[in-house]
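Source file: input.csv (CSV, C-alpha atoms)
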chain,number,residue,atom,x,y,z
A,4,MET,CA,-7.4,16.9,18.6
A,5,GLY,CA,-7.1,20.4,19.8
A,6,GLY,CA,-6.9,21.7,16.2
A,7,LEU,CA,-3.9,19.5,15.2
A,8,SER,CA,-2.7,20.3,11.7
A,9,MET,CA,-0.3,18.4,9.5
A,10,GLY,CA,3.3,19.8,10.0
A,11,GLN,CA,6.8,18.6,9.3
A,12,ALA,CA,7.1,17.1,12.8
A,13,PHE,CA,4.7,14.3,11.7
A,14,VAL,CA,6.4,13.5,8.4
A,15,GLN,CA,8.1,10.1,8.3
A,16,ALA,CA,11.4,9.7,6.4
A,17,PRO,CA,10.6,8.3,2.9
A,18,GLU,CA,11.8,4.8,3.7
A,19,HIS,CA,9.4,4.6,6.7
A,20,ARG,CA,6.3,6.0,5.0
A,21,PRO,CA,3.4,3.5,4.5
A,22,LYS,CA,2.7,2.2,1.0
A,23,PRO,CA,-0.6,3.3,-0.5
A,24,THR,CA,-1.9,-0.3,0.1
A,25,VAL,CA,-0.8,-2.6,2.8
A,26,THR,CA,-1.5,-6.3,2.2
A,27,GLU,CA,-3.8,-8.0,4.7
A,28,ALA,CA,-1.8,-10.6,6.6
A,29,THR,CA,-2.7,-14.2,6.2
A,30,GLY,CA,-1.7,-17.0,8.6
A,31,ILE,CA,-1.6,-14.9,11.8
A,32,PRO,CA,-2.1,-17.3,14.6
A,33,LEU,CA,-5.6,-17.2,16.1
A,34,ILE,CA,-5.7,-19.0,19.4
A,35,ASP,CA,-8.9,-20.0,21.3
A,36,LEU,CA,-8.2,-19.9,25.0
A,37,SER,CA,-11.7,-21.3,26.0
A,38,PRO,CA,-10.4,-24.8,26.5
A,39,LEU,CA,-7.9,-23.5,29.1
A,40,ALA,CA,-10.1,-24.3,32.1
A,41,ALA,CA,-11.3,-27.6,30.8
A,42,VAL,CA,-8.3,-29.5,29.3
A,43,ASP,CA,-4.6,-29.9,29.6
A,44,ALA,CA,-2.9,-26.5,28.9
A,45,ASP,CA,0.1,-28.1,27.1
A,46,ALA,CA,-1.5,-28.1,23.7
A,47,LEU,CA,-2.4,-24.4,24.0
A,48,ALA,CA,1.1,-23.6,25.3
A,49,ALA,CA,2.5,-25.2,22.2
A,50,GLU,CA,0.3,-23.0,20.0
A,51,VAL,CA,1.4,-19.9,22.0
A,52,GLY,CA,5.1,-21.0,21.7
A,53,ALA,CA,4.9,-21.5,17.9
A,54,ALA,CA,3.2,-18.1,17.5
A,55,SER,CA,5.8,-16.3,19.7
A,56,ARG,CA,8.6,-17.9,17.8
A,57,GLU,CA,7.3,-17.4,14.3
A,58,TRP,CA,5.4,-14.1,14.6
A,59,GLY,CA,6.1,-12.5,17.9
A,60,PHE,CA,2.3,-11.9,18.3
A,61,PHE,CA,-1.0,-13.7,18.1
A,62,VAL,CA,-4.8,-13.1,18.3
A,63,VAL,CA,-6.8,-14.6,21.1
A,64,VAL,CA,-10.5,-15.4,21.3
A,65,GLY,CA,-12.4,-17.3,24.0
A,66,HIS,CA,-10.4,-15.2,26.5
A,67,GLY,CA,-13.0,-14.8,29.2
A,68,VAL,CA,-13.0,-11.0,29.3
A,69,PRO,CA,-16.6,-10.0,29.6
A,70,ALA,CA,-18.0,-8.2,26.5
A,71,GLU,CA,-19.7,-5.7,28.8
A,72,ALA,CA,-16.4,-4.7,30.5
A,73,VAL,CA,-14.9,-4.0,27.0
A,74,ALA,CA,-18.0,-2.0,25.9
A,75,ARG,CA,-17.9,0.2,29.1
A,76,ALA,CA,-14.2,0.9,28.7
A,77,THR,CA,-14.5,1.8,25.0
A,78,ALA,CA,-17.5,4.0,25.7
A,79,ALA,CA,-15.5,5.8,28.4
A,80,GLN,CA,-12.6,6.2,26.0
A,81,ARG,CA,-14.7,7.8,23.3
A,82,ALA,CA,-16.4,10.1,25.8
A,83,PHE,CA,-13.0,11.3,27.0
A,84,PHE,CA,-11.6,12.1,23.6
A,85,ALA,CA,-14.8,13.9,22.6
A,86,LEU,CA,-14.3,16.4,25.5
A,87,PRO,CA,-13.3,20.0,24.5
A,88,ALA,CA,-9.5,20.5,24.2
A,89,GLU,CA,-9.3,22.6,27.5
A,90,ARG,CA,-11.0,19.8,29.5
A,91,LYS,CA,-8.5,17.3,28.2
A,92,ALA,CA,-5.6,19.7,28.9
A,93,ALA,CA,-6.7,19.8,32.5
A,94,VAL,CA,-5.4,16.3,32.9
A,95,ARG,CA,-2.3,16.7,30.7
A,96,ARG,CA,0.8,14.8,31.5
A,97,SER,CA,4.1,16.5,32.3
A,98,GLU,CA,7.7,15.2,32.1
A,99,ALA,CA,7.7,14.6,35.9
A,100,GLU,CA,4.1,13.1,35.9
A,101,PRO,CA,3.9,10.9,32.9
A,102,LEU,CA,0.3,9.8,33.3
A,103,GLY,CA,-2.8,11.5,31.8
A,104,TYR,CA,-3.5,13.2,28.5
A,105,TYR,CA,-0.9,13.8,25.8
A,106,GLU,CA,-1.0,14.8,22.1
A,107,SER,CA,2.6,15.0,21.0
A,108,GLU,CA,4.1,11.6,21.5
A,109,HIS,CA,7.2,10.8,19.5
A,110,THR,CA,8.3,7.4,18.3
A,111,LYS,CA,11.9,7.2,17.0
A,112,ASN,CA,11.9,11.0,17.1
A,113,VAL,CA,9.0,11.5,14.7
A,114,ARG,CA,5.7,12.8,16.1
A,115,ASP,CA,2.8,10.4,16.1
A,116,TRP,CA,-0.6,11.3,14.6
A,117,LYS,CA,-2.6,10.5,17.7
A,118,GLU,CA,-3.7,11.7,21.2
A,119,VAL,CA,-3.5,9.4,24.2
A,120,PHE,CA,-4.5,9.0,27.8
A,121,ASP,CA,-2.3,6.9,30.1
A,122,LEU,CA,-3.3,5.4,33.5
A,123,VAL,CA,-1.9,2.8,35.9
A,124,PRO,CA,-4.4,0.0,36.9
A,125,ARG,CA,-3.6,0.0,40.6
A,126,GLU,CA,-4.8,3.1,42.5
A,127,PRO,CA,-2.7,3.9,44.5
A,128,PRO,CA,0.1,2.0,42.7
A,129,PRO,CA,2.4,-0.1,44.9
A,130,PRO,CA,5.1,2.0,46.4
A,131,ALA,CA,7.9,0.5,44.2
A,132,ALA,CA,6.1,1.7,41.1
A,133,VAL,CA,5.2,5.2,42.3
A,134,ALA,CA,8.5,7.0,42.6
A,135,ASP,CA,10.7,5.9,39.7
A,136,GLY,CA,13.7,8.2,40.0
A,137,GLU,CA,12.1,11.6,39.4
A,138,LEU,CA,8.9,10.3,37.8
A,139,VAL,CA,5.6,10.2,39.8
A,140,PHE,CA,3.1,7.6,38.6
A,141,ALA,CA,-0.2,8.9,39.9
A,142,ASN,CA,-3.4,8.8,37.9
A,143,LYS,CA,-5.0,12.1,36.7
A,144,TRP,CA,-8.7,11.2,36.5
A,145,PRO,CA,-10.8,13.6,34.4
A,146,GLN,CA,-13.5,15.3,36.5
A,147,ASP,CA,-17.2,15.3,35.6
A,148,LEU,CA,-16.9,12.2,33.4
A,149,PRO,CA,-19.3,9.8,35.1
A,150,GLY,CA,-18.2,6.2,35.2
A,151,PHE,CA,-14.9,6.8,33.5
A,152,ARG,CA,-12.7,5.7,36.3
A,153,GLU,CA,-14.9,2.7,37.3
A,154,ALA,CA,-15.1,1.5,33.7
A,155,LEU,CA,-11.3,1.5,33.3
A,156,GLU,CA,-10.6,-0.1,36.7
A,157,GLU,CA,-13.0,-2.9,35.8
A,158,TYR,CA,-11.3,-3.3,32.4
A,159,ALA,CA,-7.8,-3.3,34.0
A,160,LYS,CA,-8.8,-6.1,36.4
A,161,ALA,CA,-10.0,-8.3,33.5
A,162,MET,CA,-6.8,-7.5,31.6
A,163,GLU,CA,-4.6,-8.5,34.5
A,164,GLU,CA,-6.4,-11.9,34.7
A,165,LEU,CA,-5.8,-12.5,31.0
A,166,ALA,CA,-2.2,-11.3,31.2
A,167,PHE,CA,-1.4,-13.9,33.9
A,168,LYS,CA,-3.1,-16.6,31.8
A,169,ILE,CA,-0.9,-15.7,28.8
A,170,LEU,CA,2.2,-15.4,31.0
A,171,GLU,CA,1.6,-19.0,32.3
A,172,LEU,CA,1.2,-20.3,28.7
A,173,ILE,CA,4.4,-18.6,27.7
A,174,ALA,CA,6.2,-20.1,30.7
A,175,ARG,CA,4.9,-23.6,29.9
A,176,SER,CA,5.8,-23.2,26.2
A,177,LEU,CA,9.4,-22.6,27.3
A,178,ASN,CA,9.3,-25.7,29.6
A,179,LEU,CA,9.4,-23.6,32.7
A,180,ARG,CA,7.1,-24.2,35.6
A,181,PRO,CA,3.8,-22.5,35.0
A,182,ASP,CA,4.2,-19.6,37.6
A,183,ARG,CA,7.9,-19.2,36.9
A,184,LEU,CA,7.5,-15.6,35.6
A,185,HIS,CA,4.7,-14.4,38.0
A,186,GLY,CA,7.1,-13.2,40.7
A,187,PHE,CA,8.4,-10.4,38.5
A,188,PHE,CA,5.0,-8.8,38.5
A,189,ARG,CA,4.5,-8.4,42.2
A,190,ASP,CA,5.0,-4.6,42.1
A,191,GLN,CA,4.2,-4.3,38.5
A,192,THR,CA,4.6,-1.1,36.4
A,193,THR,CA,1.8,-2.0,34.1
A,194,PHE,CA,-0.1,0.8,32.4
A,195,ILE,CA,-3.1,1.2,30.1
A,196,ARG,CA,-3.1,3.6,27.2
A,197,LEU,CA,-6.2,4.9,25.5
A,198,ASN,CA,-5.4,5.8,21.9
A,199,HIS,CA,-7.3,8.1,19.5
A,200,TYR,CA,-6.2,8.4,15.9
A,201,PRO,CA,-8.1,11.2,14.2
A,202,PRO,CA,-8.6,11.2,10.4
A,203,CYS,CA,-5.3,12.4,8.9
A,204,PRO,CA,-5.1,14.7,5.8
A,205,SER,CA,-1.8,13.0,4.6
A,206,PRO,CA,-1.9,9.3,5.6
A,207,ASP,CA,0.8,8.6,3.1
A,208,LEU,CA,3.3,10.8,5.0
A,209,ALA,CA,2.5,10.2,8.7
A,210,LEU,CA,1.9,7.3,11.0
A,211,GLY,CA,-0.3,6.9,14.1
A,212,VAL,CA,2.6,5.2,15.8
A,213,GLY,CA,5.9,4.9,14.1
A,214,ARG,CA,7.7,1.5,13.8
A,215,HIS,CA,8.7,0.1,17.1
A,216,LYS,CA,8.9,-2.9,19.4
A,217,ASP,CA,7.2,-3.0,22.8
A,218,ALA,CA,9.7,-2.6,25.6
A,219,GLY,CA,7.8,-4.5,28.3
A,220,ALA,CA,6.8,-8.1,28.8
A,221,LEU,CA,3.4,-8.5,27.0
A,222,THR,CA,1.0,-6.1,25.4
A,223,ILE,CA,-2.7,-7.0,25.2
A,224,LEU,CA,-4.3,-4.8,22.5
A,225,TYR,CA,-8.0,-4.0,21.9
A,226,GLN,CA,-8.6,-2.4,18.6
A,227,ASP,CA,-11.9,-1.2,17.0
A,228,ASP,CA,-13.1,-2.4,13.6
A,229,VAL,CA,-11.4,0.4,11.6
A,230,GLY,CA,-8.0,-1.4,11.4
A,231,GLY,CA,-4.5,0.1,11.0
A,232,LEU,CA,-2.2,-2.1,12.9
A,233,ASP,CA,0.7,-3.2,10.7
A,234,VAL,CA,3.2,-5.9,11.6
A,235,ARG,CA,6.5,-6.6,9.9
A,236,ARG,CA,6.4,-10.1,8.6
A,237,ARG,CA,9.4,-12.2,9.5
A,238,SER,CA,9.6,-14.2,6.3
A,239,ASP,CA,10.1,-11.3,3.9
A,240,GLY,CA,10.3,-8.1,6.0
A,241,GLU,CA,7.1,-6.7,4.4
A,242,TRP,CA,4.6,-4.7,6.4
A,243,VAL,CA,1.2,-6.5,6.6
A,244,ARG,CA,-2.1,-5.3,8.0
A,245,VAL,CA,-3.7,-7.2,11.0
A,246,LYS,CA,-7.4,-7.5,10.2
A,247,PRO,CA,-9.6,-6.8,13.3
A,248,VAL,CA,-11.3,-9.9,14.6
A,249,PRO,CA,-14.5,-9.4,16.6
A,250,ASN,CA,-14.3,-10.0,20.3
A,251,SER,CA,-10.5,-10.6,20.2
A,252,PHE,CA,-7.4,-9.2,21.6
A,253,ILE,CA,-3.9,-9.0,20.0
A,254,ILE,CA,-1.1,-10.2,22.2
A,255,ASN,CA,2.4,-8.8,21.4
A,256,VAL,CA,5.4,-10.5,22.8
A,257,GLY,CA,7.6,-7.7,24.2
A,258,ASP,CA,11.3,-7.2,24.5
A,259,ILE,CA,11.5,-8.5,28.1
A,260,ILE,CA,10.1,-11.9,27.1
A,261,GLN,CA,12.6,-11.9,24.2
A,262,VAL,CA,15.4,-11.5,26.8
A,263,TRP,CA,13.9,-13.9,29.4
A,264,SER,CA,13.7,-16.5,26.6
A,265,ASN,CA,17.3,-15.8,25.5
A,266,ASP,CA,16.0,-15.1,22.0
A,267,ARG,CA,13.9,-18.2,21.7
A,268,TYR,CA,11.1,-15.7,21.1
A,269,GLU,CA,11.3,-12.4,19.4
A,270,SER,CA,9.2,-9.3,19.9
A,271,ALA,CA,7.3,-8.1,16.9
A,272,GLU,CA,8.0,-4.8,15.1
A,273,HIS,CA,4.8,-3.0,14.5
A,274,ARG,CA,3.3,0.4,13.6
A,275,VAL,CA,-0.1,2.1,13.2
A,276,SER,CA,-1.2,3.5,9.9
A,277,VAL,CA,-3.9,6.2,9.8
A,278,ASN,CA,-6.4,7.1,7.1
A,279,SER,CA,-8.1,10.2,5.9
A,280,ALA,CA,-11.7,9.1,6.3
A,281,LYS,CA,-12.1,7.5,9.7
A,282,GLU,CA,-11.0,8.0,13.2
A,283,ARG,CA,-9.7,4.9,15.0
A,284,PHE,CA,-9.6,3.9,18.7
A,285,SER,CA,-7.4,1.3,20.4
A,286,MET,CA,-6.5,0.3,24.0
A,287,PRO,CA,-3.2,-1.4,24.7
A,288,TYR,CA,-2.5,-2.9,28.2
A,289,PHE,CA,1.2,-2.9,28.8
A,290,PHE,CA,2.0,-5.7,31.2
A,291,ASN,CA,5.3,-4.7,32.8
A,292,PRO,CA,7.3,-6.0,35.8
A,293,ALA,CA,8.5,-4.2,38.9
A,294,SER,CA,10.8,-1.3,38.4
A,295,TYR,CA,13.5,-3.0,40.4
A,296,THR,CA,13.6,-6.0,38.1
A,297,MET,CA,17.0,-6.9,36.6
A,298,VAL,CA,16.0,-8.2,33.1
A,299,GLU,CA,18.2,-11.1,31.9
A,300,PRO,CA,17.8,-14.5,30.4
A,301,VAL,CA,16.2,-16.8,33.0
A,302,GLU,CA,18.6,-19.5,34.2
A,303,GLU,CA,16.6,-22.4,32.7
A,304,MET,CA,17.0,-20.9,29.2
A,305,VAL,CA,20.8,-20.8,29.6
A,306,SER,CA,23.3,-23.6,29.2
A,307,GLU,CA,26.9,-24.2,28.3
A,308,GLY,CA,25.8,-24.7,24.7
A,309,ASN,CA,23.4,-21.7,24.8
A,310,PRO,CA,25.1,-19.0,26.9
A,311,PRO,CA,23.2,-15.8,27.9
A,312,ARG,CA,22.8,-13.4,24.9
A,313,TYR,CA,22.1,-10.3,27.0
A,314,ASN,CA,23.7,-8.5,29.9
A,315,ALA,CA,21.3,-7.7,32.7
A,316,TYR,CA,19.6,-4.3,32.7
A,317,ASN,CA,17.4,-2.5,35.2
A,318,TRP,CA,13.8,-2.3,34.0
A,319,GLY,CA,13.0,1.0,35.9
A,320,ASP,CA,16.0,2.8,34.3
A,321,PHE,CA,15.2,1.4,30.9
A,322,PHE,CA,11.5,2.4,31.2
A,323,SER,CA,12.3,6.0,32.4
A,324,THR,CA,14.7,6.5,29.6
A,325,ARG,CA,12.2,5.2,27.0
A,326,LYS,CA,9.4,7.3,28.5
A,327,ASN,CA,11.5,10.5,28.3
A,328,SER,CA,12.5,9.9,24.7
A,329,ASN,CA,8.8,9.5,23.8
A,330,TYR,CA,8.1,12.7,25.6
A,331,ARG,CA,10.5,14.9,23.8
A,332,LYS,CA,12.6,14.6,20.7
A,333,LEU,CA,16.2,13.4,21.5
A,334,ASP,CA,19.2,13.7,19.3
A,335,VAL,CA,19.9,10.0,19.6
A,336,GLU,CA,17.8,6.8,18.9
A,337,ASN,CA,16.0,5.8,22.0
A,338,ILE,CA,17.2,2.9,24.2
A,339,GLN,CA,16.7,-0.7,22.8
A,340,ILE,CA,17.4,-4.1,24.1
A,341,ALA,CA,20.0,-4.5,21.3
A,342,HIS,CA,22.2,-2.2,23.4
A,343,PHE,CA,22.4,-5.0,26.0
A,344,LYS,CA,23.3,-7.8,23.6
A,345,LYS,CA,26.5,-9.6,24.7
A,346,GLY,CA,29.4,-8.4,22.6
A,347,VAL,CA,27.6,-5.1,21.9
A,348,ALA,CA,27.3,-3.5,25.3
A,349,ALA,CA,30.1,-3.3,27.9
A,350,ALA,CA,29.9,-6.4,30.1

Output the file's structure as structure tokens, nothing else.
Amino acid sequence: MGGLSMGQAFVQAPEHRPKPTVTEATGIPLIDLSPLAAVDADALAAEVGAASREWGFFVVVGHGVPAEAVARATAAQRAFFALPAERKAAVRRSEAEPLGYYESEHTKNVRDWKEVFDLVPREPPPPAAVADGELVFANKWPQDLPGFREALEEYAKAMEELAFKILELIARSLNLRPDRLHGFFRDQTTFIRLNHYPPCPSPDLALGVGRHKDAGALTILYQDDVGGLDVRRRSDGEWVRVKPVPNSFIINVGDIIQVWSNDRYESAEHRVSVNSAKERFSMPYFFNPASYTMVEPVEEMVSEGNPPRYNAYNWGDFFSTRKNSNYRKLDVENIQIAHFKKGVAAA
């Protein structure tokens, strides 16, 4: 990782350090999507609804994403991170251009033990997603890495199909019409992140990604067989390890769905632990709406007896603020949906 060595910037506060052993989670919902084409979707939607309510995430198999597409994308990812440091630095992101390679991401103001490469699936992205205030969302493709771009564009296409399937099941589970949420994604600000977590000399002090909730709508995560994703269990607040399931994806309910559902569903708090022996790779697909979206509870989820619990906020502004705080250490906690809770934020 360009000669990364363990320094104070990586050290988590004592209360956030991982315990020496993290229990493997039991009871995580595993949902087989293969009946989706053949049978009534309501039973699947009910499973998705229960998982979103009780866990804030679930594992899907039978999802229809071709194994070859995943294999090509993961091979491209490994090839990129194996490049010499100066080749990776040639596509390094900057504050104004937040896509590309980066190795000093911060989560809640502590540096993460990882290196990343971010890209947007649509090239060129739709106009509404390109200029986001001062930010320019243009991909920085590495030169002389044959097949890299093609493999990730193919993967992105498969991810988008799966994302809309899940979005429809979530809408059905909330008794909304199946395509109720689709319109928000017309000019989406979705992005894909390639993560590489090298072996860490002090895995008891650092985290690959510190504790956080995903700000967007949905995250579809591919992880290799090394493991390291921890989720905070609702029932007792303990951190539990999500065991990798072959040929699966992990679906995280994000903050936007929590707000749209008016707290019927809650996004999952999670983190990534690292280890001293093995490197780990993962690929999250962050399914995000258009930057001009005003995020608020959808009207069908609101009634006299169940008033809106959030003030509306602009997704583009929220996303830019969050991106900037991940880019450089700030003196304040980064922006959270809790800041828009009724009775907390100014109306």

(Q) One number please: CA of Leu184 in chain A to CA of Leu170 in chain A, in Å, one decimal. (A)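 These two atoms are separated by 7.0 Å.
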
Q. From the set A:Lys117, A:Arg81, A:Lys143, A:Arg312, which residue has the shortest atom-to-atom contact distance to Ala93 in chain A, counting all atoms listed in the file?
A. A:Lys143

Q: One decimal, Å: what's the distance from CA of Thr192 in chain A over to CA of Val62 in chain A, could you say?
A: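 Value for the CA of Thr192 in chain A-CA of Val62 in chain A distance: 23.7 Å.
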
**Q.** Atomic separation - CA of Gln191 in chain A relative to CA of Ala44 in chain A, Å
**A.** 25.2 Å

Q.
I'd like to know which of A:Arg283, A:Pro247, A:Asn265, A:Glu272 is closest to Val305 in chain A, using all atoms listed in the file.
A.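 Of A:Arg283, A:Pro247, A:Asn265, A:Glu272, the one nearest Val305 in chain A, counting all atoms listed in the file, is A:Asn265.
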
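Between Leu148 in chain A and the residues A:Ala79, A:Met286, A:Val64, A:Ile195, the shortest atom-to-atom distance, using only C-alpha atoms, involves A:Ala79.
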
Q.
Could you check the closest approach to Val301 in chain A for each of A:Ile260, A:Ile340, A:Ala154, A:Leu102 and tell me which residue wins, using all atoms listed in the file?
A. A:Ile260

Q. Of the candidates A:Asn198, A:Ser270, A:Ser279, A:Ser238, which shows the shortest atom-to-atom distance to Tyr105 in chain A, using only C-alpha atoms?
A. A:Asn198

Q) Quick one: of A:Lys91, A:Glu98, A:Arg236, A:Val68, who's nearest to Ile31 in chain A, counting all atoms listed in the file? A)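 Among the listed residues, the smallest separation from Ile31 in chain A belongs to A:Arg236.
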
**Q.** Cut-off 9 Å around (3.8, -18.9, 24.0) with only C-alpha atoms: residues as a ChimeraX atom specification
**A.** /A:47-56,169-177,256,268

**Q.** Residue neighbourhood Gly186 in chain A, 12 Å, only C-alpha atoms, exclusion window fewer than 3 positions, as an NGL selection string
**A.** :A and (167 or 170-171 or 181-183 or 189-191 or 291-293 or 296)
